[in-house]
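Below: my_file-v3.pdb (PDB, C-alpha atoms, pLDDT in the B column)
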ATOM      1  CA  MET A 157    -143.281  43.033 -67.927  1.00 41.00           C
ATOM      2  CA  GLU A 158    -140.330  40.628 -67.654  1.00 38.00           C
ATOM      3  CA  GLU A 159    -141.257  39.259 -71.075  1.00 36.00           C
ATOM      4  CA  GLN A 160    -141.174  42.789 -72.439  1.00 40.00           C
ATOM      5  CA  ILE A 161    -137.689  43.333 -71.004  1.00 38.00           C
ATOM      6  CA  GLU A 162    -136.433  40.021 -72.392  1.00 37.00           C
ATOM      7  CA  ASN A 163    -137.702  40.934 -75.837  1.00 39.00           C
ATOM      8  CA  THR A 164    -136.065  44.325 -75.526  1.00 40.00           C
ATOM      9  CA  ALA A 165    -132.762  42.718 -74.583  1.00 39.00           C
ATOM     10  CA  GLY A 166    -132.922  40.588 -77.707  1.00 40.00           C
ATOM     11  CA  GLN A 167    -133.472  43.660 -79.843  1.00 40.00           C
ATOM     12  CA  THR A 168    -130.567  45.337 -78.079  1.00 37.00           C
ATOM     13  CA  ASN A 169    -128.125  42.543 -78.837  1.00 41.00           C
ATOM     14  CA  ALA A 170    -129.039  42.775 -82.481  1.00 35.00           C
ATOM     15  CA  GLY A 171    -128.688  46.546 -82.567  1.00 37.00           C
ATOM     16  CA  GLN A 172    -125.783  47.102 -80.203  1.00 39.00           C
ATOM     17  CA  ASN A 173    -123.216  47.700 -82.925  1.00 33.00           C
ATOM     18  CA  SER A 174    -125.390  50.353 -84.508  1.00 35.00           C
ATOM     19  CA  GLY A 175    -125.361  52.427 -81.321  1.00 52.00           C
ATOM     20  CA  TRP A 176    -128.889  51.633 -80.141  1.00 77.00           C
ATOM     21  CA  ARG A 177    -129.436  53.134 -76.669  1.00 85.00           C
ATOM     22  CA  GLY A 178    -132.908  51.912 -75.752  1.00 90.00           C
ATOM     23  CA  SER A 179    -135.436  54.445 -74.519  1.00 95.00           C
ATOM     24  CA  ALA A 180    -136.524  56.082 -71.282  1.00 96.00           C
ATOM     25  CA  GLU A 181    -139.429  53.627 -71.095  1.00 96.00           C
ATOM     26  CA  ILE A 182    -137.145  50.610 -71.469  1.00 97.00           C
ATOM     27  CA  TRP A 183    -134.820  51.821 -68.723  1.00 98.00           C
ATOM     28  CA  LEU A 184    -137.804  52.591 -66.485  1.00 98.00           C
ATOM     29  CA  ASN A 185    -139.323  49.145 -67.105  1.00 98.00           C
ATOM     30  CA  ALA A 186    -136.033  47.523 -66.157  1.00 98.00           C
ATOM     31  CA  ALA A 187    -135.871  49.655 -63.006  1.00 98.00           C
ATOM     32  CA  TYR A 188    -139.442  48.630 -62.158  1.00 98.00           C
ATOM     33  CA  ASP A 189    -138.547  44.945 -62.474  1.00 98.00           C
ATOM     34  CA  ALA A 190    -135.449  45.392 -60.331  1.00 98.00           C
ATOM     35  CA  LEU A 191    -137.435  47.245 -57.660  1.00 98.00           C
ATOM     36  CA  ILE A 192    -140.056  44.486 -57.542  1.00 98.00           C
ATOM     37  CA  GLU A 193    -137.509  41.662 -57.507  1.00 97.00           C
ATOM     38  CA  THR A 194    -134.759  42.943 -55.218  1.00 97.00           C
ATOM     39  CA  GLY A 195    -135.868  46.249 -53.717  1.00 98.00           C
ATOM     40  CA  VAL A 196    -134.500  49.732 -54.240  1.00 98.00           C
ATOM     41  CA  ASP A 197    -130.895  48.645 -53.615  1.00 97.00           C
ATOM     42  CA  GLY A 198    -131.126  46.635 -56.832  1.00 96.00           C
ATOM     43  CA  VAL A 199    -132.039  49.697 -58.895  1.00 98.00           C
ATOM     44  CA  LYS A 200    -128.559  50.666 -60.013  1.00 98.00           C
ATOM     45  CA  ILE A 201    -127.343  51.784 -63.401  1.00 97.00           C
ATOM     46  CA  GLN A 202    -124.712  49.144 -64.141  1.00 97.00           C
ATOM     47  CA  PRO A 203    -126.906  46.117 -63.268  1.00 97.00           C
ATOM     48  CA  LEU A 204    -129.741  47.627 -65.313  1.00 97.00           C
ATOM     49  CA  ALA A 205    -127.412  48.119 -68.266  1.00 96.00           C
ATOM     50  CA  LYS A 206    -126.335  44.494 -67.985  1.00 96.00           C
ATOM     51  CA  ARG A 207    -129.962  43.352 -67.799  1.00 95.00           C
ATOM     52  CA  LEU A 208    -130.722  45.266 -70.990  1.00 96.00           C
ATOM     53  CA  SER A 209    -127.435  44.444 -72.760  1.00 94.00           C
ATOM     54  CA  LEU A 210    -126.831  48.171 -73.179  1.00 95.00           C
ATOM     55  CA  SER A 211    -123.852  50.305 -72.348  1.00 94.00           C
ATOM     56  CA  ARG A 212    -123.906  52.152 -69.036  1.00 94.00           C
ATOM     57  CA  THR A 213    -123.473  55.465 -70.833  1.00 94.00           C
ATOM     58  CA  SER A 214    -126.726  54.858 -72.746  1.00 95.00           C
ATOM     59  CA  PHE A 215    -128.604  55.485 -69.506  1.00 97.00           C
ATOM     60  CA  TYR A 216    -127.513  59.133 -69.453  1.00 96.00           C
ATOM     61  CA  TRP A 217    -129.292  59.896 -72.713  1.00 95.00           C
ATOM     62  CA  PHE A 218    -132.577  59.535 -70.826  1.00 97.00           C
ATOM     63  CA  PHE A 219    -131.905  60.222 -67.144  1.00 97.00           C
ATOM     64  CA  LYS A 220    -129.545  62.652 -65.466  1.00 97.00           C
ATOM     65  CA  ASP A 221    -128.635  60.182 -62.733  1.00 98.00           C
ATOM     66  CA  ARG A 222    -129.973  57.363 -60.539  1.00 98.00           C
ATOM     67  CA  LYS A 223    -131.909  59.849 -58.406  1.00 98.00           C
ATOM     68  CA  GLU A 224    -133.909  60.971 -61.427  1.00 98.00           C
ATOM     69  CA  LEU A 225    -134.676  57.342 -62.312  1.00 98.00           C
ATOM     70  CA  LEU A 226    -135.885  56.677 -58.766  1.00 98.00           C
ATOM     71  CA  GLY A 227    -138.053  59.779 -59.038  1.00 98.00           C
ATOM     72  CA  ALA A 228    -139.587  58.372 -62.231  1.00 98.00           C
ATOM     73  CA  LEU A 229    -140.446  55.161 -60.358  1.00 98.00           C
ATOM     74  CA  LEU A 230    -142.213  57.189 -57.687  1.00 98.00           C
ATOM     75  CA  ASP A 231    -144.074  59.130 -60.389  1.00 98.00           C
ATOM     76  CA  LEU A 232    -145.228  55.813 -61.870  1.00 98.00           C
ATOM     77  CA  TRP A 233    -146.421  54.641 -58.448  1.00 98.00           C
ATOM     78  CA  ARG A 234    -148.288  57.900 -57.763  1.00 98.00           C
ATOM     79  CA  GLU A 235    -150.005  57.935 -61.143  1.00 98.00           C
ATOM     80  CA  LYS A 236    -150.976  54.280 -61.163  1.00 97.00           C
ATOM     81  CA  ASN A 237    -151.930  53.542 -57.583  1.00 98.00           C
ATOM     82  CA  THR A 238    -153.014  56.857 -56.085  1.00 98.00           C
ATOM     83  CA  GLY A 239    -154.311  58.349 -59.318  1.00 98.00           C
ATOM     84  CA  ASN A 240    -156.366  55.317 -60.302  1.00 98.00           C
ATOM     85  CA  LEU A 241    -157.787  54.769 -56.835  1.00 98.00           C
ATOM     86  CA  ILE A 242    -159.014  58.369 -56.775  1.00 98.00           C
ATOM     87  CA  LYS A 243    -160.532  57.949 -60.251  1.00 98.00           C
ATOM     88  CA  GLN A 244    -162.342  54.809 -59.158  1.00 98.00           C
ATOM     89  CA  ALA A 245    -163.642  56.567 -56.050  1.00 98.00           C
ATOM     90  CA  GLU A 246    -165.034  59.333 -58.260  1.00 98.00           C
ATOM     91  CA  ALA A 247    -166.434  56.999 -60.940  1.00 98.00           C
ATOM     92  CA  TYR A 248    -170.153  57.030 -61.658  1.00 97.00           C
ATOM     93  CA  ALA A 249    -172.288  54.753 -59.487  1.00 98.00           C
ATOM     94  CA  GLU A 250    -175.997  54.740 -58.773  1.00 97.00           C
ATOM     95  CA  THR A 251    -175.644  53.279 -55.281  1.00 98.00           C
ATOM     96  CA  VAL A 252    -173.010  53.219 -52.569  1.00 98.00           C
ATOM     97  CA  SER A 253    -172.634  49.463 -53.020  1.00 98.00           C
ATOM     98  CA  GLU A 254    -171.943  49.933 -56.725  1.00 98.00           C
ATOM     99  CA  ALA A 255    -169.396  52.613 -55.839  1.00 98.00           C
ATOM    100  CA  MET A 256    -167.769  50.160 -53.439  1.00 98.00           C
ATOM    101  CA  LEU A 257    -167.469  47.580 -56.217  1.00 98.00           C
ATOM    102  CA  ASN A 258    -165.712  50.236 -58.324  1.00 98.00           C
ATOM    103  CA  ILE A 259    -163.125  50.514 -55.546  1.00 98.00           C
ATOM    104  CA  ILE A 260    -162.744  46.748 -55.280  1.00 98.00           C
ATOM    105  CA  ASP A 261    -161.865  46.723 -58.994  1.00 98.00           C
ATOM    106  CA  CYS A 262    -158.547  48.258 -57.898  1.00 97.00           C
ATOM    107  CA  TRP A 263    -157.712  45.295 -55.699  1.00 95.00           C
ATOM    108  CA  LEU A 264    -158.362  42.807 -58.497  1.00 95.00           C
ATOM    109  CA  MET A 265    -156.960  44.594 -61.556  1.00 96.00           C
ATOM    110  CA  ALA A 266    -153.208  45.155 -61.651  1.00 94.00           C
ATOM    111  CA  ASP A 267    -153.560  47.749 -64.399  1.00 95.00           C
ATOM    112  CA  LEU A 268    -155.592  49.875 -61.960  1.00 97.00           C
ATOM    113  CA  PHE A 269    -153.613  49.269 -58.773  1.00 98.00           C
ATOM    114  CA  ASP A 270    -150.233  47.504 -58.768  1.00 98.00           C
ATOM    115  CA  ALA A 271    -149.989  45.665 -55.441  1.00 97.00           C
ATOM    116  CA  ARG A 272    -146.411  44.510 -56.076  1.00 97.00           C
ATOM    117  CA  LEU A 273    -145.298  48.081 -56.751  1.00 98.00           C
ATOM    118  CA  GLU A 274    -147.158  49.245 -53.631  1.00 98.00           C
ATOM    119  CA  PHE A 275    -145.339  46.683 -51.499  1.00 98.00           C
ATOM    120  CA  ALA A 276    -141.970  47.589 -53.042  1.00 98.00           C
ATOM    121  CA  VAL A 277    -142.427  51.335 -52.471  1.00 98.00           C
ATOM    122  CA  ARG A 278    -143.554  50.787 -48.877  1.00 98.00           C
ATOM    123  CA  SER A 279    -140.480  48.612 -48.295  1.00 98.00           C
ATOM    124  CA  TRP A 280    -138.321  51.334 -49.856  1.00 98.00           C
ATOM    125  CA  ALA A 281    -139.847  53.868 -47.445  1.00 98.00           C
ATOM    126  CA  VAL A 282    -138.279  51.973 -44.527  1.00 97.00           C
ATOM    127  CA  GLN A 283    -134.888  53.177 -45.823  1.00 96.00           C
ATOM    128  CA  SER A 284    -135.902  56.679 -46.918  1.00 98.00           C
ATOM    129  CA  SER A 285    -137.633  59.409 -44.942  1.00 98.00           C
ATOM    130  CA  ASP A 286    -138.413  61.202 -48.210  1.00 98.00           C
ATOM    131  CA  VAL A 287    -140.227  58.156 -49.591  1.00 98.00           C
ATOM    132  CA  MET A 288    -141.985  57.670 -46.256  1.00 98.00           C
ATOM    133  CA  ALA A 289    -143.285  61.233 -46.588  1.00 98.00           C
ATOM    134  CA  GLU A 290    -144.596  60.345 -50.051  1.00 98.00           C
ATOM    135  CA  ILE A 291    -146.321  57.272 -48.609  1.00 98.00           C
ATOM    136  CA  GLU A 292    -147.972  59.335 -45.882  1.00 98.00           C
ATOM    137  CA  LYS A 293    -149.152  61.898 -48.435  1.00 98.00           C
ATOM    138  CA  ALA A 294    -150.562  59.185 -50.700  1.00 98.00           C
ATOM    139  CA  ASP A 295    -152.294  57.441 -47.804  1.00 98.00           C
ATOM    140  CA  GLN A 296    -154.087  60.660 -46.895  1.00 98.00           C
ATOM    141  CA  GLN A 297    -155.091  61.397 -50.486  1.00 98.00           C
ATOM    142  CA  ARG A 298    -156.525  57.901 -50.860  1.00 98.00           C
ATOM    143  CA  LEU A 299    -158.351  58.037 -47.543  1.00 98.00           C
ATOM    144  CA  ASP A 300    -159.811  61.428 -48.437  1.00 98.00           C
ATOM    145  CA  ALA A 301    -161.067  60.069 -51.771  1.00 98.00           C
ATOM    146  CA  LEU A 302    -162.701  57.084 -50.069  1.00 98.00           C
ATOM    147  CA  ALA A 303    -164.318  59.286 -47.426  1.00 98.00           C
ATOM    148  CA  LYS A 304    -165.715  61.592 -50.136  1.00 98.00           C
ATOM    149  CA  LEU A 305    -167.248  58.550 -51.805  1.00 98.00           C
ATOM    150  CA  PHE A 306    -169.367  57.975 -48.704  1.00 98.00           C
ATOM    151  CA  THR A 307    -170.294  61.596 -48.114  1.00 98.00           C
ATOM    152  CA  ARG A 308    -171.419  61.696 -51.743  1.00 97.00           C
ATOM    153  CA  PHE A 309    -174.024  59.116 -50.814  1.00 97.00           C
ATOM    154  CA  GLY A 310    -175.220  61.030 -47.768  1.00 97.00           C
ATOM    155  CA  GLN A 311    -173.173  59.492 -44.963  1.00 95.00           C
ATOM    156  CA  ASP A 312    -171.916  61.814 -42.239  1.00 97.00           C
ATOM    157  CA  ALA A 313    -168.257  62.768 -42.133  1.00 97.00           C
ATOM    158  CA  ARG A 314    -167.456  60.717 -39.021  1.00 97.00           C
ATOM    159  CA  MET A 315    -168.733  57.429 -40.420  1.00 97.00           C
ATOM    160  CA  ALA A 316    -167.303  58.223 -43.845  1.00 98.00           C
ATOM    161  CA  ASP A 317    -163.859  58.543 -42.259  1.00 98.00           C
ATOM    162  CA  VAL A 318    -164.234  55.268 -40.328  1.00 98.00           C
ATOM    163  CA  ARG A 319    -165.491  53.372 -43.373  1.00 98.00           C
ATOM    164  CA  ALA A 320    -162.681  54.778 -45.525  1.00 98.00           C
ATOM    165  CA  ARG A 321    -160.066  53.621 -43.023  1.00 98.00           C
ATOM    166  CA  THR A 322    -161.666  50.193 -42.708  1.00 97.00           C
ATOM    167  CA  ILE A 323    -161.561  49.644 -46.473  1.00 97.00           C
ATOM    168  CA  TYR A 324    -158.067  51.000 -46.928  1.00 98.00           C
ATOM    169  CA  LEU A 325    -156.376  49.355 -43.976  1.00 97.00           C
ATOM    170  CA  VAL A 326    -157.833  45.968 -44.888  1.00 96.00           C
ATOM    171  CA  GLN A 327    -156.370  46.231 -48.374  1.00 96.00           C
ATOM    172  CA  ILE A 328    -152.983  47.487 -47.170  1.00 97.00           C
ATOM    173  CA  GLY A 329    -153.030  44.483 -44.849  1.00 96.00           C
ATOM    174  CA  TYR A 330    -153.554  42.197 -47.839  1.00 94.00           C
ATOM    175  CA  ILE A 331    -150.596  43.846 -49.572  1.00 96.00           C
ATOM    176  CA  SER A 332    -148.291  43.890 -46.529  1.00 94.00           C
ATOM    177  CA  MET A 333    -148.986  40.214 -45.834  1.00 93.00           C
ATOM    178  CA  GLN A 334    -148.544  39.456 -49.558  1.00 91.00           C
ATOM    179  CA  SER A 335    -151.708  37.418 -49.318  1.00 86.00           C
ATOM    180  CA  ASN A 336    -152.249  35.079 -52.259  1.00 86.00           C
ATOM    181  CA  GLU A 337    -155.927  34.355 -51.809  1.00 87.00           C
ATOM    182  CA  ASP A 338    -157.582  32.070 -54.344  1.00 91.00           C
ATOM    183  CA  ILE A 339    -159.673  34.184 -56.715  1.00 91.00           C
ATOM    184  CA  ALA A 340    -162.808  32.056 -56.218  1.00 93.00           C
ATOM    185  CA  VAL A 341    -162.475  32.411 -52.442  1.00 95.00           C
ATOM    186  CA  ARG A 342    -162.000  36.153 -52.658  1.00 93.00           C
ATOM    187  CA  MET A 343    -164.888  36.602 -55.064  1.00 95.00           C
ATOM    188  CA  ALA A 344    -167.145  34.648 -52.712  1.00 95.00           C
ATOM    189  CA  ARG A 345    -166.263  37.135 -49.975  1.00 96.00           C
ATOM    190  CA  ILE A 346    -166.919  40.250 -52.084  1.00 97.00           C
ATOM    191  CA  PRO A 347    -170.648  40.622 -51.226  1.00 97.00           C
ATOM    192  CA  GLY A 348    -169.807  40.394 -47.521  1.00 97.00           C
ATOM    193  CA  TYR A 349    -166.980  42.873 -47.845  1.00 97.00           C
ATOM    194  CA  VAL A 350    -169.245  45.339 -49.648  1.00 98.00           C
ATOM    195  CA  GLU A 351    -171.937  45.060 -46.980  1.00 98.00           C
ATOM    196  CA  THR A 352    -169.360  45.393 -44.194  1.00 97.00           C
ATOM    197  CA  PHE A 353    -167.620  48.359 -45.766  1.00 97.00           C
ATOM    198  CA  CYS A 354    -170.640  50.431 -46.795  1.00 95.00           C
ATOM    199  CA  GLY A 355    -173.539  49.044 -44.778  1.00 95.00           C
ATOM    200  CA  GLN A 356    -175.455  47.990 -47.868  1.00 96.00           C
ATOM    201  CA  ALA A 357    -175.362  44.653 -49.667  1.00 97.00           C
ATOM    202  CA  PRO A 358    -174.841  44.777 -53.436  1.00 98.00           C
ATOM    203  CA  THR A 359    -177.749  43.787 -55.634  1.00 98.00           C
ATOM    204  CA  GLN A 360    -177.443  40.711 -57.816  1.00 97.00           C
ATOM    205  CA  ASN A 361    -177.313  42.905 -60.919  1.00 98.00           C
ATOM    206  CA  GLU A 362    -174.443  44.924 -59.441  1.00 98.00           C
ATOM    207  CA  LEU A 363    -172.594  41.721 -58.632  1.00 97.00           C
ATOM    208  CA  ASN A 364    -173.257  40.311 -62.092  1.00 97.00           C
ATOM    209  CA  ARG A 365    -171.751  43.401 -63.722  1.00 97.00           C
ATOM    210  CA  PHE A 366    -168.793  43.244 -61.352  1.00 98.00           C
ATOM    211  CA  TYR A 367    -168.172  39.557 -62.050  1.00 97.00           C
ATOM    212  CA  ALA A 368    -168.508  40.125 -65.796  1.00 96.00           C
ATOM    213  CA  ARG A 369    -165.800  42.774 -65.927  1.00 95.00           C
ATOM    214  CA  HIS A 370    -163.501  40.381 -64.078  1.00 96.00           C
ATOM    215  CA  ASN A 371    -164.411  37.443 -66.341  1.00 95.00           C
ATOM    216  CA  PHE A 372    -165.595  35.483 -63.318  1.00 95.00           C
ATOM    217  CA  GLU A 373    -168.492  33.045 -63.207  1.00 90.00           C
ATOM    218  CA  ALA A 374    -170.049  32.826 -59.762  1.00 78.00           C
TER
END

Could I get this structure in the form of structure tokens?
Amino acid sequence: MEEQIENTAGQTNAGQNSGWRGSAEIWLNAAYDALIETGVDGVKIQPLAKRLSLSRTSFYWFFKDRKELLGALLDLWREKNTGNLIKQAEAYAETVSEAMLNIIDCWLMADLFDARLEFAVRSWAVQSSDVMAEIEKADQQRLDALAKLFTRFGQDARMADVRARTIYLVQIGYISMQSNEDIAVRMARIPGYVETFCGQAPTQNELNRFYARHNFEA
């Protein structure tokens, strides 16, 4: 994304005299980068304008104020992280272990679940009760989706709830600790995680399909 912003800045310098203002997406991308790099306190209009080599007034063509921009960042987080996790939980699977591998896709594919954005929004929530409320709402929606995955495969509601929390809290732990586990090490642990989380080991064919979509050779 940084490369995208740098390219945009170059275009801006070339077009500044012609009154080029950027776009809502460009301003949002810059806000995303600032949030990831420095936290919510770094998401301010003037520094973003400087980053993009645009005038401060250009911002107001696309957003009413900073609050609206921050709201757009939260919308992005909801859609990407909560929305995609729910979709993965509801995705077709023939077995509970295959369904579990669909969930694990989220932890390995940034286009499905953005761990850096998750960490940044949770850090932001420390400063904002409104954002904390959004976090709590998202946590419950995600846990509910994971629990429904298990009840779909015939597990009782009590165990479905426990399994959902086990899966989710482990991953939030990874994110909170900013763990940078080697991909080969993590992949080697996947079969054990699946068996621990859902009580059923994945078949070799399920693992082969999982590894293939992650371009990993076991």

(message) Neighbouring residues of Leu184 (chain A) were defined as those with any atom within 8 Å, considering only C-alpha atoms; residues of the same chain fewer than 5 positions away were excluded. Please report them as a list in words.
(response)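 Result of the neighbour search: Leu225, Ala228 and Leu229 of chain A.
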
(request) Can you work out which one of A:Ala316, A:Ala340, A:Leu305, A:Leu299 has the shortest atom-to-atom distance to Ala249 (chain A), counting all atoms listed in the file? (result)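 Result for the nearest residue to Ala249 (chain A): A:Leu305.
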
Quick one: which residues end up in the PyMOL selection byres ((chain A and resi 194-201) around 10) for this structure, as a short mmCIF file (atom, residue, chain, number, x, y, z; two decimals) with C-alpha atoms, in the coordinates of the input?
data_model
loop_
_atom_site.label_atom_id
_atom_site.label_comp_id
_atom_site.auth_asym_id
_atom_site.auth_seq_id
_atom_site.Cartn_x
_atom_site.Cartn_y
_atom_site.Cartn_z
CA TRP A 183 -134.82 51.82 -68.72
CA LEU A 184 -137.80 52.59 -66.48
CA ALA A 186 -136.03 47.52 -66.16
CA ALA A 187 -135.87 49.66 -63.01
CA TYR A 188 -139.44 48.63 -62.16
CA ASP A 189 -138.55 44.94 -62.47
CA ALA A 190 -135.45 45.39 -60.33
CA LEU A 191 -137.44 47.24 -57.66
CA ILE A 192 -140.06 44.49 -57.54
CA GLU A 193 -137.51 41.66 -57.51
CA GLN A 202 -124.71 49.14 -64.14
CA PRO A 203 -126.91 46.12 -63.27
CA LEU A 204 -129.74 47.63 -65.31
CA ALA A 205 -127.41 48.12 -68.27
CA LYS A 206 -126.34 44.49 -67.98
CA ARG A 207 -129.96 43.35 -67.80
CA SER A 211 -123.85 50.30 -72.35
CA ARG A 212 -123.91 52.15 -69.04
CA THR A 213 -123.47 55.46 -70.83
CA SER A 214 -126.73 54.86 -72.75
CA PHE A 215 -128.60 55.48 -69.51
CA TYR A 216 -127.51 59.13 -69.45
CA ASP A 221 -128.64 60.18 -62.73
CA ARG A 222 -129.97 57.36 -60.54
CA LYS A 223 -131.91 59.85 -58.41
CA LEU A 225 -134.68 57.34 -62.31
CA LEU A 226 -135.88 56.68 -58.77
CA PHE A 275 -145.34 46.68 -51.50
CA ALA A 276 -141.97 47.59 -53.04
CA VAL A 277 -142.43 51.34 -52.47
CA SER A 279 -140.48 48.61 -48.30
CA TRP A 280 -138.32 51.33 -49.86
CA ALA A 281 -139.85 53.87 -47.44
CA GLN A 283 -134.89 53.18 -45.82
#

(request) Measuring atom to atom with all atoms listed in the file, identify which of A:Ile331, A:Leu302, A:Ile346, A:Ile260 is nearest to Asp317 (chain A). (result)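 Of A:Ile331, A:Leu302, A:Ile346, A:Ile260, the one nearest Asp317 (chain A), counting all atoms listed in the file, is A:Leu302.
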
(request) Any chance you could resolve the PyMOL selection byres ((chain A and resi 307) around 12) against this file and give the residues as a list in words? (result)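 This file, filtered by the PyMOL selection byres ((chain A and resi 307) around 12), leaves Ala245, Glu246, Val252, Ala255, Asp300, Ala301, Leu302, Ala303, Lys304, Leu305, Phe306, Arg308, Phe309, Gly310, Gln311, Asp312, Ala313, Arg314, Met315, Ala316, Asp317, Val318, Arg319, Ala320 and Cys354 of chain A.
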
(request) Find the distance between CA of Leu363 (chain A) and CA of Thr251 (chain A) and write it in Å to one decimal. (result)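 Computing it gives 12.4 Å between the two atoms.
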
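Using all atoms listed in the file for every distance, the candidate list A:Ile182, A:Val282, A:Leu257, A:Met333 yields A:Leu257 as the residue closest to Thr359 (chain A).
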
(request) Tell me, in Å to one decimal, how far CA of Pro347 (chain A) is from CA of Ser332 (chain A). (result) 23.1 Å

(message) If I take CA of Trp263 (chain A) and CA of Asn361 (chain A), how far is one from the other in Å, to one decimal?
(response) 20.4 Å

(request) Quick one: apply the PyMOL selection byres ((chain A and resi 371) around 12) to the file and drop the selected residues here as a PyMOL selection string. (result) chain A and resi 264-265+339-340+343+364-370+372-374

(request) May I ask which of the residues A:Glu351, A:Glu290, A:Glu274, A:Glu362 is the closest one to Gln334 (chain A), counting all atoms listed in the file? (result)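 Going through A:Glu351, A:Glu290, A:Glu274, A:Glu362 one by one, the smallest distance to Gln334 (chain A) is for A:Glu274.
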
(request) Pick out the closest residue to Pro358 (chain A) from this set: A:Glu254, A:Tyr330, A:Leu268, A:Ser285. Count all atoms listed in the file. (result)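 The closest residue to Pro358 (chain A) is A:Glu254.
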
(message) Between A:Ile323, A:Leu273, A:Met256, A:Cys262, which residue has the minimum interatomic distance to Gln356 (chain A), considering all atoms listed in the file?
(response)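 Using all atoms listed in the file, the shortest distance to Gln356 (chain A) belongs to A:Met256.
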